[in-house]
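Below is the file query-v4.cif, which contains mmCIF, C-alpha atoms and all ligand atoms.
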```
data_structure
#
loop_
_atom_site.label_atom_id
_atom_site.label_comp_id
_atom_site.auth_asym_id
_atom_site.auth_seq_id
_atom_site.Cartn_x
_atom_site.Cartn_y
_atom_site.Cartn_z
CA MET A 1 -67.95 -118.31 -0.54
CA ALA A 2 -69.50 -120.99 -2.64
CA ILE A 3 -73.23 -120.55 -2.46
CA GLN A 4 -75.12 -123.31 -4.26
CA SER A 5 -78.68 -123.24 -5.52
CA ILE A 6 -81.15 -124.95 -3.20
CA ARG A 7 -83.25 -127.72 -4.74
CA LEU A 8 -87.01 -127.28 -4.38
CA PHE A 9 -89.73 -129.79 -3.57
CA GLY A 10 -90.40 -131.78 -6.72
CA ASP A 11 -86.71 -132.34 -7.46
CA PRO A 12 -86.11 -136.12 -7.36
CA VAL A 13 -82.81 -135.66 -5.47
CA LEU A 14 -84.87 -134.76 -2.37
CA ARG A 15 -86.51 -138.21 -2.50
CA THR A 16 -83.27 -140.14 -2.99
CA PRO A 17 -81.60 -141.66 0.12
CA ALA A 18 -78.04 -140.34 0.48
CA ALA A 19 -74.95 -142.57 0.72
CA PRO A 20 -72.73 -142.70 3.82
CA VAL A 21 -69.50 -140.71 3.64
CA VAL A 22 -66.48 -142.99 3.32
CA ASP A 23 -63.68 -140.56 2.40
CA PHE A 24 -63.05 -137.73 4.86
CA ASP A 25 -61.07 -135.77 2.32
CA LYS A 26 -60.70 -132.29 0.85
CA GLU A 27 -63.86 -132.74 -1.26
CA LEU A 28 -65.85 -133.40 1.91
CA ARG A 29 -64.47 -130.29 3.59
CA LYS A 30 -65.49 -128.28 0.52
CA LEU A 31 -69.00 -129.76 0.71
CA VAL A 32 -69.29 -128.74 4.39
CA LYS A 33 -68.16 -125.22 3.46
CA ASP A 34 -70.63 -125.00 0.55
CA LEU A 35 -73.47 -126.21 2.79
CA THR A 36 -72.52 -123.73 5.51
CA ASP A 37 -72.24 -120.79 3.08
CA THR A 38 -75.53 -121.68 1.36
CA MET A 39 -77.36 -122.14 4.68
CA MET A 40 -76.08 -118.83 6.09
CA ASP A 41 -76.93 -116.99 2.86
CA ALA A 42 -80.51 -118.35 2.70
CA PRO A 43 -80.66 -117.82 5.74
CA GLY A 44 -81.63 -121.14 7.27
CA ALA A 45 -81.31 -123.12 10.50
CA GLY A 46 -80.13 -126.26 8.74
CA LEU A 47 -79.24 -127.65 5.35
CA ALA A 48 -78.67 -131.20 4.14
CA ALA A 49 -76.40 -132.18 1.22
CA PRO A 50 -79.23 -133.50 -1.01
CA GLN A 51 -80.74 -129.99 -0.88
CA ILE A 52 -77.78 -128.79 -2.95
CA GLY A 53 -77.88 -131.88 -5.13
CA VAL A 54 -75.20 -133.96 -3.35
CA GLY A 55 -76.19 -137.49 -2.30
CA LEU A 56 -74.01 -137.79 0.81
CA ARG A 57 -75.00 -138.08 4.47
CA VAL A 58 -73.91 -134.60 5.59
CA PHE A 59 -75.82 -131.70 7.11
CA THR A 60 -75.07 -128.32 8.64
CA TYR A 61 -76.99 -126.45 11.33
CA TYR A 62 -77.19 -122.95 12.77
CA VAL A 63 -79.48 -122.93 15.79
CA ASP A 64 -79.27 -120.69 18.89
CA ASP A 65 -76.03 -119.15 17.55
CA GLN A 66 -74.44 -122.59 17.33
CA LEU A 67 -72.97 -123.38 13.93
CA GLY A 68 -71.92 -126.90 13.09
CA HIS A 69 -72.10 -129.92 10.84
CA LEU A 70 -72.58 -133.66 11.20
CA ILE A 71 -71.64 -136.54 8.94
CA ASN A 72 -73.25 -140.01 8.87
CA PRO A 73 -75.68 -139.07 11.67
CA ASP A 74 -77.43 -141.63 13.84
CA LEU A 75 -80.23 -140.32 16.07
CA ASP A 76 -81.57 -141.41 19.43
CA LEU A 77 -84.91 -139.68 20.12
CA SER A 78 -86.99 -139.00 23.22
CA SER A 79 -90.47 -140.53 23.27
CA GLU A 80 -91.81 -137.15 24.42
CA LEU A 81 -93.10 -135.20 21.42
CA ASP A 82 -93.64 -131.57 20.53
CA GLU A 83 -96.81 -131.90 18.45
CA GLU A 84 -97.43 -128.25 17.64
CA GLY A 85 -94.02 -126.74 16.84
CA GLU A 86 -93.84 -124.92 13.51
CA GLU A 87 -91.29 -126.16 11.03
CA GLY A 88 -90.10 -124.85 7.70
CA CYS A 89 -87.76 -126.14 5.00
CA LEU A 90 -85.49 -124.29 2.56
CA SER A 91 -86.81 -126.62 -0.16
CA PHE A 92 -90.33 -125.27 0.53
CA PRO A 93 -89.60 -121.50 0.53
CA GLY A 94 -91.84 -119.31 2.65
CA LEU A 95 -93.94 -122.13 4.13
CA SER A 96 -94.08 -123.50 7.67
CA PHE A 97 -96.46 -125.91 9.35
CA PRO A 98 -96.93 -127.64 12.72
CA THR A 99 -94.87 -130.82 12.53
CA PRO A 100 -94.62 -133.39 15.35
CA ARG A 101 -91.05 -134.11 16.46
CA ALA A 102 -89.28 -135.62 19.46
CA ILE A 103 -88.37 -132.91 21.99
CA ARG A 104 -84.85 -134.25 22.59
CA ALA A 105 -82.36 -135.87 20.25
CA VAL A 106 -78.88 -137.26 20.67
CA ALA A 107 -77.09 -137.26 17.32
CA LYS A 108 -73.95 -139.34 16.88
CA GLY A 109 -71.75 -139.08 13.84
CA PHE A 110 -68.48 -137.61 12.66
CA ASN A 111 -66.97 -134.23 11.94
CA MET A 112 -65.29 -133.45 8.61
CA HIS A 113 -61.96 -134.72 9.94
CA GLY A 114 -63.46 -138.15 10.63
CA GLU A 115 -63.51 -137.72 14.41
CA PRO A 116 -66.55 -139.13 16.27
CA VAL A 117 -68.96 -136.48 17.59
CA THR A 118 -72.00 -136.66 19.86
CA LEU A 119 -74.44 -133.74 19.77
CA GLU A 120 -77.35 -133.30 22.15
CA GLY A 121 -80.24 -131.03 21.30
CA THR A 122 -83.61 -130.03 22.69
CA ASP A 123 -86.50 -128.14 21.09
CA LEU A 124 -85.39 -126.34 17.91
CA MET A 125 -81.97 -128.04 17.84
CA ALA A 126 -83.57 -131.48 18.25
CA ARG A 127 -86.10 -130.57 15.55
CA CYS A 128 -83.29 -129.52 13.23
CA PHE A 129 -81.34 -132.80 13.72
CA GLN A 130 -84.48 -134.80 12.92
CA HIS A 131 -85.43 -132.67 9.90
CA GLU A 132 -81.92 -132.81 8.39
CA THR A 133 -81.39 -136.52 9.06
CA ASP A 134 -84.74 -137.16 7.38
CA HIS A 135 -83.45 -135.33 4.29
CA LEU A 136 -80.60 -137.86 4.13
CA ASP A 137 -83.21 -140.65 3.98
CA GLY A 138 -85.28 -138.93 1.29
CA ILE A 139 -87.95 -138.03 3.88
CA LEU A 140 -89.51 -134.55 3.91
CA PHE A 141 -91.32 -132.73 6.72
CA ILE A 142 -94.67 -133.13 4.95
CA ASP A 143 -94.26 -136.89 5.55
CA ARG A 144 -94.13 -136.27 9.32
CA MET A 145 -97.38 -134.28 9.50
CA ASP A 146 -100.70 -135.79 10.43
CA PRO A 147 -102.85 -136.47 7.33
CA LYS A 148 -105.09 -133.44 7.83
CA GLN A 149 -102.13 -131.07 8.21
CA ARG A 150 -100.36 -132.66 5.24
CA LYS A 151 -103.39 -131.97 3.07
CA LEU A 152 -103.32 -128.28 4.06
CA ALA A 153 -99.57 -128.16 3.47
CA MET A 154 -99.84 -129.70 0.00
CA LYS A 155 -102.52 -127.18 -0.94
CA ALA A 156 -100.18 -124.35 0.12
CA VAL A 157 -97.34 -125.98 -1.86
CA ARG A 158 -99.45 -126.15 -5.02
CA GLU A 159 -100.35 -122.48 -4.61
CA ALA A 160 -96.77 -121.35 -3.87
CA GLU A 161 -95.18 -119.24 -6.59
CA TRP A 162 -92.11 -121.50 -6.74
CA SER A 163 -94.22 -124.65 -7.21
CA GLY A 164 -93.15 -126.57 -10.31
CA LEU A 165 -90.01 -124.46 -10.74
CA SER A 166 -87.75 -127.42 -10.06
CA ALA A 167 -88.40 -128.57 -13.62
CA PRO A 168 -86.06 -126.82 -16.04
CA VAL A 169 -87.34 -123.36 -16.88
CA ILE A 170 -86.65 -121.97 -20.34
CA LYS A 171 -86.12 -118.27 -20.10
CA VAL A 172 -87.06 -116.18 -23.07
CA SER A 173 -85.55 -112.76 -23.34
CA PRO A 174 -88.15 -109.99 -23.42
CA HIS A 175 -85.90 -108.24 -25.96
CA ALA A 176 -85.63 -111.18 -28.34
CA THR A 177 -87.45 -109.25 -31.02
CA GLY A 178 -85.62 -106.02 -30.37
CA GLY A 179 -88.36 -104.79 -28.07
CA LYS A 180 -90.97 -104.78 -30.82
CA ALA A 181 -94.34 -106.41 -30.31
CA LEU A 182 -95.02 -109.37 -32.54
ZN ZN A 201 -85.56 -129.14 4.83
#
```

Please express the file's structure as structure tokens.
Amino acid sequence: MAIQSIRLFGDPVLRTPAAPVVDFDKELRKLVKDLTDTMMDAPGAGLAAPQIGVGLRVFTYYVDDQLGHLINPDLDLSSELDEEGEEGCLSFPGLSFPTPRAIRAVAKGFNMHGEPVTLEGTDLMARCFQHETDHLDGILFIDRMDPKQRKLAMKAVREAEWSGLSAPVIKVSPHATGGKAL
């Protein structure tokens, strides 16, 4: 197991477009394993490499008991939308909001061995493919909400206990003075 820490909203890596994978090597297989372990531990329905600080176009998913990964994804979306479906993000812990998404998605890409893969998803699976592929472009689910919903979401983000924690936190030991009050 190699569980990585998940980057929170506010971390610039989440706004940085990821680079396509060129080398389908051992390092890539380790990245897929780290993403899978971190996603399952969270637990989450999907996780993209930038969320663990890696700028490569890779994501994992675990939806409807189907576990998988996709590299260098390219999406083809239905014009039919699900406007009301709730969506969350591991980089926004504890929060979920209605986020419009296409109901169906066909995702083409590669597996970790460099073999071409085509995945088809509806509903939650389609939502997951869109959410994770967005992460690879530096796009977050708040960007997909209508302006009114985004405003509500940003208010909840500012009030969340983790808000601002992506900046380095200096921890001071409560026993630094030997337990004596100063
Ligand atoms: Zn996310």

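Neighbours of ligand ZN 201 (chain A) at a cut-off of 7 Å, computed so that all atoms listed in the file are counted, are the residues A:Leu47, A:Gly88, A:Cys89, A:Leu90, A:Ser91, A:His131, A:Glu132, A:His135, A:Leu140.
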
Restrict the calculation to all atoms listed in the file, then for each residue of stretch 87-160 of chain A with any atom at most 7 Å from an atom of stretch 68-83 of chain A give the closest atom pair and their distance in Å to one decimal, rows by chain and rising residue number, as a Markdown table.
```
| residue | atom | partner | partner_atom | distance |
| --- | --- | --- | --- | --- |
| A:Thr99 | CA | A:Glu83 | CA | 6.3 |
| A:Pro100 | CA | A:Glu83 | CA | 4.1 |
| A:Arg101 | CA | A:Asp82 | CA | 5.5 |
| A:Ala102 | CA | A:Leu81 | CA | 4.3 |
| A:Ile103 | CA | A:Leu81 | CA | 5.3 |
| A:Arg104 | CA | A:Ser78 | CA | 5.2 |
| A:Ala105 | CA | A:Leu77 | CA | 4.6 |
| A:Val106 | CA | A:Asp76 | CA | 5.1 |
| A:Ala107 | CA | A:Leu75 | CA | 4.6 |
| A:Lys108 | CA | A:Asp74 | CA | 5.2 |
| A:Gly109 | CA | A:Pro73 | CA | 4.5 |
| A:Phe110 | CA | A:Ile71 | CA | 5.0 |
| A:Asn111 | CA | A:Leu70 | CA | 5.7 |
| A:Thr133 | CA | A:Pro73 | CA | 6.8 |
```

* Selection as a VMD selection string: residues within 10 Å of (-77.3, -133.5, -4.8), counting all atoms listed in the file -> chain A and resid 6 to 7 11 to 14 16 18 48 to 56

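Shortest atom-to-atom contact with A:Trp162 among A:Leu95, A:Met145, A:Met40, A:Leu124: A:Leu95, counting all atoms listed in the file.
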
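With all atoms listed in the file as the atoms that count, the minimum distance from A:Asp64 to the choices A:Val32, A:Met112, A:Ala45, A:Val117 is reached by A:Ala45.
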
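One distance worth recording is that between atom CA of A:Val21 and atom CA of A:Phe59, which is 11.5 Å.
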
Students should find that atom CA of A:His113 and atom CA of A:Arg57 are spaced 14.5 Å

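Straight-line separation from atom CA of A:Glu86 to atom CA of A:Ala42: 18.4 Å.
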
Considering all atoms listed in the file, return as a PDB file with C-alpha atoms, in the coordinates of the input whatever protein or nucleic-acid residues lie within 10 Å of A:Ser163, sequence-local ones (same chain, fewer than 6 positions apart) excluded.
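For reference, out_27.pdb as written:
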```
ATOM      1  CA  LEU A   8     -87.010-127.280  -4.380  1.00  0.00           C
ATOM      2  CA  PHE A   9     -89.730-129.790  -3.570  1.00  0.00           C
ATOM      3  CA  GLY A  10     -90.400-131.780  -6.720  1.00  0.00           C
ATOM      4  CA  PHE A  92     -90.330-125.270   0.530  1.00  0.00           C
ATOM      5  CA  PRO A  93     -89.600-121.500   0.530  1.00  0.00           C
ATOM      6  CA  ALA A 156    -100.180-124.350   0.120  1.00  0.00           C
ATOM      7  CA  VAL A 157     -97.340-125.980  -1.860  1.00  0.00           C
TER       8      VAL A 157
END
```

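Candidate residues A:Gly85, A:Lys155, A:Phe129, A:Arg15 were compared for distance to A:Asp143, and the nearest is A:Arg15, using all atoms listed in the file.
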